[in-house]
Structures are given as structure tokens and as C-alpha cells.
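Visitor: Following this message is one structure expressed as C-alpha cells.
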Protein chains: 2
Amino acid sequence: MSSSYGGYHSQSYAPSAPEQPPYSNYNHTSSSTSNSSSSSFPAGTPQDVIRSFQMVDRDRSGFIDERELHQALSSGFHHFNFRTIRLLLFLFKNPHQPLTIGPKEFAALWSCLGHWRGIFERYDRDRSGKIDPLELRDALYGIGYAVPGSVLQLLLSKYGDGSGRRVELGFDSFVVCGMIIKGLTDKFKEKDTRYTGSATLSYDAFMTMVLPFLVSYD
Amino acid sequence: MSSSYGGYHSQSYAPSAPEQPPYSNYNHTSSSTSNSSSSSFPAGTPQDVIRSFQMVDRDRSGFIDERELHQALSSGFHHFNFRTIRLLLFLFKNPHQPLTIGPKEFAALWSCLGHWRGIFERYDRDRSGKIDPLELRDALYGIGYAVPGSVLQLLLSKYGDGSGRRVELGFDSFVVCGMIIKGLTDKFKEKDTRYTGSATLSYDAFMTMVLPFLVSYD
């Protein structure tokens with residue numbers, strides 16, 4: 001049996017999203033080699049991104065916390081709810097730092113969110129401002145994730161508004177669902193290097209993979 | 001190398017908690033054989049539990065939703081925050097039902113919370129009303145979960161109040177942490193039947209195991 005996410009590397013299937021979008025940076029899987037420069041913005045970071053960060057980093061510490069991240073993204077990008085902000089913070093922060101993010105992580109996050117915005121707009125075909133279950137399935141498939149129906153249903157029962165056939169996702173919940181699917185699937189694939197659709201995990205690795213995706217709320 | 005949670009079945013280690021506490025019912029792993037009676041309380045359910053349920057189930061539908069569950073537990077047990085209620089609902093509800101729970105699940109949940117309350121009080125040695133990181137480690141070890149330090153640290157960074165060495169958990173967060181560790185570990189162990197400390201999972205099984213523990217918040 002082929003892997004559920006096998007479409008990712010299938011030659012017969014051409015994803016409409018870029019092969020290596022910037023959001024593959026997240027959780028430091030591919031950017032950990034150069035984390036010495038985390039105190040400054042990467043070359044080419046747009047001015048509005050830098051401005052949004054600096055506006056909230058009032059003490060010029062080079063790091064912003066959850067509340068400041070919420071403020072920065074709300075003023076410049078989208079008014080996310082705190083659940084989403086908390087998840088974004090956990091997925092993008094340097095794992096060796098406390099609950100704050102610096103310029104480099106902020107730029108990666110902003111770029112990632114821009115990609116999810118593009119995907120959302122592409123798949124929200126009726127321009128309703130909402131993604132329905134079929135549009136979600138197509139959007140995830142379009143970026144290379146063939147997610148089983150049972151998994152999508154579970155995700156929608158948690159994050160969707162409404163019920164039954166009328167479930168839909170706003171941009172906020174769409175970003176959360178997308179990042180959870182992408183993040184957990186990518187983590188799983190790191191352990192399934194031959195793309196067989198199954199992986200052997202130690203208990204520690206399993207717990208360490210999963211916990212960052214659990215969102216806390218005080 | 002022995003499993004991280006190997007202590008659970010070790011003869012040389014006598015857990016101070018009951019071997020088969022009622023909360024092993026949760027997520028229907030051991031009670032699925034008799035789910036035909038989900039519309040009535042199990043024999044022996046304490047009167048105050050029945051009263052708490054009936055008080056909020058005003059239309060006598062036999063099912064209560066998230067808001068009603070919050071109200072029922074708040075009046076009879078503990079004033080949990082909505083994050084916790086949402087997680088409890090997801091872990092205890094019948095997987096084939098919508099976001100509601102019936103009398104049988106409510107009784108199991110109440111009993112489970114009573115056990116966590118007992119554990120909390122036993123390990124909160126200084127009676128501060130809070131559990132510190134060492135007390136959490138001991139509490140989990142006491143019920144048979146030898147959780148690696150790195151996993152505990154990740155958990156505390158999400159759910160703890162305060163920072164660094166001053167992190168602590170109130171009862172609410174303690175229940176969440178305990179249920180996440182117990183729930184994910186038990187799920188993992190179902191796939192690691194020989195207790196080797198590692199398991200082979202299909203992608204679908206992995207996602208289906210993990211998603212119920214992700215808490216959503218609208």
C-alpha cells in the first residue's frame with residue numbers, strides 16, 4: 001500500500017504550490033545551520049515586516065513575546081485570535097529560547113503566513129472568506145498533502161465553525177489546520193525516509209514530535 | 001535500552017496509585033463493549049454526579065454540550081477553564097457522537113477527575129494549591145509514567161505558570177498535563193505491545209492518535 005501522503009513526491013502529480021515554499025523553514029528544520037544571526041532580519045526582508053516588528057519591540061530587546069506578536073500581526077497582517085498566536089509562537093520560536101521570537105523567526109513567520117493567505121485565496125473559489133471541507137481537502141492536496149478523510153473530519157470537528165455538511169473555516173482556523181497537518185506530516189516524514197507510509201518512533205521522539213502542536217491557553 | 005515508561009510494568013517498582021484506576025476508561029478503550037447503555041448512568045453512580053448532570057441537561061435530551069459541561073463541573077466539582085473543558089469533552093465523548101457527552105461518559109469523567117484530584121492533593125506536599133516541576137514528575141511516576149525530563153520541560157513550557165525554576169501548575173493545568181501524558185502514552189503503548197519503548201505507526205494511525213489531544217479554541 002502506498003503512503004497517504006505519497007502524492008508529495010509523485011511524478012504524475014504536479015502540485016500547484018511552490019515545491020520549496022519559505023514556510024518549510026518552520027520549526028527550524030532547515031534553517032538551524034545559521035541561527036547565529038537571529039538578532040537581525042535576513043537580507044531582503046520587506047520594510048513593512050521590519051516596521052511591524054520594531055513597532056512592538058519597544059525596549060529594542062530584539063525579541064517579542066506572545067502579546068507583542070499578537071499586536072504586530074494584527075496591525076500589519078491579520079487579526080488572529082490568541083489560540084493561533086500561541087501556536088505560531090511555539091512553531092516558530094527558537095526551541096532553545098523562552099516564549100519569544102526574534103527578527104529572523106518573525107520574518108519567516110510573516111512569509112509563511114503570506115503563503116497560507118495565497119493558498120486560502122486560491123481555494124476559496126466562491127470568495128466567501130471561508131474554506132469548506134472540500135476546499136480544505138483540495139488546498140492541502142494542492143500543496144502536496146493527501147490527507148485521509150477520517151483525519152480531515154477529526155480536524156474539522158475541532159476547528160470548523162458550524163456542523164455537519166455546513167462546517168467551514170475562516171482564515172485563522174485554516175492557518176491552524178494547515179500548519180498542524182503540514183507540521184505533523186513533515187515530522188512524520190522525517191522518520192519515514194523511504195516514504196512507505198509508516199514509521200518506527202521511540203516513545204521520546206513521539207512525545208517530542210507531538211507536544212509542540214498542543215496549544216495551551218491560560 | 002528499556003522503555004521510558006517501562007516502570008509501569010516493572011515488578012521492582014510499586015506504584016502508589018491503583019493499578020487499574022477508573023480513568024483507564026477514557027476514550028472508550030475499555031468500555032466500548034457496553035456502549036448500548038450510554039443513555040443512562042452506570043449502577044452505583046453517586047447521586048451528586050447524577051444531580052450535576054441533570055441540572056444542566058434541561059431539555060432531558062440525555063446529552064450535554066461544552067457549555068453545559070462547564071456549568072455542571074463548575075457547580076459540582078471545580079471551576080475549569082474552557083480550554084480544559086474542551087479537552088475533557090474530546091477525550092471522553094463517544095467518538096461516533098457529535099460534541100456532546102451522555103450520562104455514562106459524564107460519570108466516567110467525574111470519577112477520573114476525582115482520581116486526578118486525589119493525586120494532586122497527594123503530591124502537593126506543601127499544600128500550596130500548586131504542583132511544581134518535581135512534584136509533577138513524582139506524581140506521574142507515582143501512577144506509572146516515567147516521563148523523560150525533556151518531555152516534562154516541553155509540557156511545563158506550555159502549561160506552567162511562571163518561568164524557569166519557578167514554574168508551577170494549578171489543578172486545571174495539572175489535569176491537562178496528566179491527561180495528555182497518560183492519553184498519549186497509553187495510545188503509544190497500544191502500538192508497543194512488547195514494551196520495547198518504540199512502535200511502528202502508519203501515518204493515518206499517527207494522525208488519528210494525536211489529533212484528539214490538540215485543543216481548539218474559538
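Starting from 1 in every chain, residues are counted up; chains themselves are A, B, ... following the order of the C-alpha cells, and ligands are numbered from 1 as listed.
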Which neighbours of B:Pro46 fall inside 12 Å, counting only C-alpha atoms, when residues of the same chain fewer than 3 positions from it are skipped, and could you give them as number ranges by chain?
Guide: B: 41-43, 49-53, 76, 103, 106-108, 110-111
Visitor: Give me, as a PyMOL selection string, the residues of chain B touching chain A, with the criterion being at most 10 Å (counting only C-alpha atoms).
Guide: chain B and resi 3-5+81-84+86+90+95+98-99+147-152+154-155+157-161+163-164+172-173+176+180-181+184-185+188-189+192+196-218
Visitor: Neighbours of B:Arg67 within 12 Å (only C-alpha atoms; same-chain residues fewer than 3 positions away dropped), as a list in words?
Guide: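 Close residues of B:Arg67: Val56, Asp57, Phe63, Ile64, His70, Gln71, Ala72, Leu73, Ser74, Phe80, Asn81, Phe82, Arg83, Thr84, Ile85, Arg86, Leu89, Leu99, Thr100 and Ile101 of chain B.
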Visitor: How would the residues just picked look written out with N, CA, C and O atoms as a PDB file, in the first residue's frame?
Guide:
```
ATOM      1  N   VAL B  56     -28.056  20.565  34.389  1.00  0.00           N
ATOM      2  CA  VAL B  56     -27.734  21.329  33.166  1.00  0.00           C
ATOM      3  C   VAL B  56     -28.405  20.759  31.920  1.00  0.00           C
ATOM      4  O   VAL B  56     -28.553  21.453  30.917  1.00  0.00           O
ATOM      5  N   ASP B  57     -28.815  19.490  31.980  1.00  0.00           N
ATOM      6  CA  ASP B  57     -29.490  18.879  30.826  1.00  0.00           C
ATOM      7  C   ASP B  57     -30.977  19.227  30.888  1.00  0.00           C
ATOM      8  O   ASP B  57     -31.828  18.373  31.102  1.00  0.00           O
ATOM      9  N   PHE B  63     -27.954  14.342  26.656  1.00  0.00           N
ATOM     10  CA  PHE B  63     -26.617  14.753  26.234  1.00  0.00           C
ATOM     11  C   PHE B  63     -26.380  16.200  26.619  1.00  0.00           C
ATOM     12  O   PHE B  63     -27.301  17.003  26.566  1.00  0.00           O
ATOM     13  N   ILE B  64     -25.144  16.501  27.011  1.00  0.00           N
ATOM     14  CA  ILE B  64     -24.825  17.892  27.328  1.00  0.00           C
ATOM     15  C   ILE B  64     -23.664  18.356  26.461  1.00  0.00           C
ATOM     16  O   ILE B  64     -22.811  17.560  26.060  1.00  0.00           O
ATOM     17  N   HIS B  70     -19.267  22.610  31.198  1.00  0.00           N
ATOM     18  CA  HIS B  70     -18.558  23.601  32.006  1.00  0.00           C
ATOM     19  C   HIS B  70     -19.364  23.961  33.249  1.00  0.00           C
ATOM     20  O   HIS B  70     -18.852  23.990  34.371  1.00  0.00           O
ATOM     21  N   GLN B  71     -20.658  24.188  33.026  1.00  0.00           N
ATOM     22  CA  GLN B  71     -21.563  24.566  34.111  1.00  0.00           C
ATOM     23  C   GLN B  71     -21.702  23.428  35.134  1.00  0.00           C
ATOM     24  O   GLN B  71     -21.619  23.661  36.347  1.00  0.00           O
ATOM     25  N   ALA B  72     -21.863  22.200  34.639  1.00  0.00           N
ATOM     26  CA  ALA B  72     -22.056  21.049  35.530  1.00  0.00           C
ATOM     27  C   ALA B  72     -20.813  20.812  36.392  1.00  0.00           C
ATOM     28  O   ALA B  72     -20.911  20.606  37.613  1.00  0.00           O
ATOM     29  N   LEU B  73     -19.647  20.859  35.777  1.00  0.00           N
ATOM     30  CA  LEU B  73     -18.420  20.613  36.545  1.00  0.00           C
ATOM     31  C   LEU B  73     -18.130  21.775  37.492  1.00  0.00           C
ATOM     32  O   LEU B  73     -17.655  21.572  38.609  1.00  0.00           O
ATOM     33  N   SER B  74     -18.413  22.991  37.040  1.00  0.00           N
ATOM     34  CA  SER B  74     -18.141  24.166  37.874  1.00  0.00           C
ATOM     35  C   SER B  74     -18.983  24.151  39.137  1.00  0.00           C
ATOM     36  O   SER B  74     -18.511  24.497  40.222  1.00  0.00           O
ATOM     37  N   PHE B  80     -13.266  24.741  36.025  1.00  0.00           N
ATOM     38  CA  PHE B  80     -12.240  24.598  34.989  1.00  0.00           C
ATOM     39  C   PHE B  80     -12.344  25.721  33.968  1.00  0.00           C
ATOM     40  O   PHE B  80     -13.429  26.246  33.724  1.00  0.00           O
ATOM     41  N   ASN B  81     -11.221  26.034  33.329  1.00  0.00           N
ATOM     42  CA  ASN B  81     -11.336  26.983  32.227  1.00  0.00           C
ATOM     43  C   ASN B  81     -11.790  26.249  30.959  1.00  0.00           C
ATOM     44  O   ASN B  81     -11.794  25.012  30.910  1.00  0.00           O
ATOM     45  N   PHE B  82     -12.170  26.996  29.943  1.00  0.00           N
ATOM     46  CA  PHE B  82     -12.776  26.392  28.758  1.00  0.00           C
ATOM     47  C   PHE B  82     -11.807  25.524  27.957  1.00  0.00           C
ATOM     48  O   PHE B  82     -12.220  24.568  27.311  1.00  0.00           O
ATOM     49  N   ARG B  83     -10.529  25.856  28.023  1.00  0.00           N
ATOM     50  CA  ARG B  83      -9.535  25.012  27.345  1.00  0.00           C
ATOM     51  C   ARG B  83      -9.608  23.595  27.880  1.00  0.00           C
ATOM     52  O   ARG B  83      -9.625  22.618  27.140  1.00  0.00           O
ATOM     53  N   THR B  84      -9.678  23.495  29.207  1.00  0.00           N
ATOM     54  CA  THR B  84      -9.711  22.186  29.847  1.00  0.00           C
ATOM     55  C   THR B  84     -11.006  21.450  29.525  1.00  0.00           C
ATOM     56  O   THR B  84     -11.000  20.258  29.208  1.00  0.00           O
ATOM     57  N   ILE B  85     -12.116  22.187  29.591  1.00  0.00           N
ATOM     58  CA  ILE B  85     -13.423  21.588  29.281  1.00  0.00           C
ATOM     59  C   ILE B  85     -13.422  21.014  27.861  1.00  0.00           C
ATOM     60  O   ILE B  85     -13.883  19.902  27.615  1.00  0.00           O
ATOM     61  N   ARG B  86     -12.866  21.780  26.931  1.00  0.00           N
ATOM     62  CA  ARG B  86     -12.831  21.332  25.543  1.00  0.00           C
ATOM     63  C   ARG B  86     -12.016  20.042  25.402  1.00  0.00           C
ATOM     64  O   ARG B  86     -12.410  19.108  24.703  1.00  0.00           O
ATOM     65  N   LEU B  89     -13.969  17.129  26.981  1.00  0.00           N
ATOM     66  CA  LEU B  89     -15.067  16.736  26.095  1.00  0.00           C
ATOM     67  C   LEU B  89     -14.550  15.835  24.978  1.00  0.00           C
ATOM     68  O   LEU B  89     -15.116  14.780  24.691  1.00  0.00           O
ATOM     69  N   LEU B  99     -20.235  16.776  19.396  1.00  0.00           N
ATOM     70  CA  LEU B  99     -19.527  17.326  20.569  1.00  0.00           C
ATOM     71  C   LEU B  99     -20.393  17.379  21.821  1.00  0.00           C
ATOM     72  O   LEU B  99     -20.601  18.448  22.408  1.00  0.00           O
ATOM     73  N   THR B 100     -20.883  16.228  22.245  1.00  0.00           N
ATOM     74  CA  THR B 100     -21.704  16.161  23.455  1.00  0.00           C
ATOM     75  C   THR B 100     -21.318  14.913  24.240  1.00  0.00           C
ATOM     76  O   THR B 100     -20.720  14.002  23.687  1.00  0.00           O
ATOM     77  N   ILE B 101     -21.650  14.900  25.521  1.00  0.00           N
ATOM     78  CA  ILE B 101     -21.448  13.663  26.279  1.00  0.00           C
ATOM     79  C   ILE B 101     -22.722  13.281  27.031  1.00  0.00           C
ATOM     80  O   ILE B 101     -23.516  14.134  27.412  1.00  0.00           O
TER      81      ILE B 101
END
```
Visitor: Which of these, A:Asp138, A:Asp65, A:Glu121, A:Glu105, has the shortest distance to A:Lys93 once you count only C-alpha atoms?
Guide: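 Result for the nearest residue to A:Lys93: A:Glu105.
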Visitor: Taking only C-alpha atoms into account, name the residue in B:Glu190, B:Val175, B:Asp59, B:Glu168 that is nearest to B:Gly114.
Guide: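 Using only C-alpha atoms, the shortest distance to B:Gly114 belongs to B:Val175.
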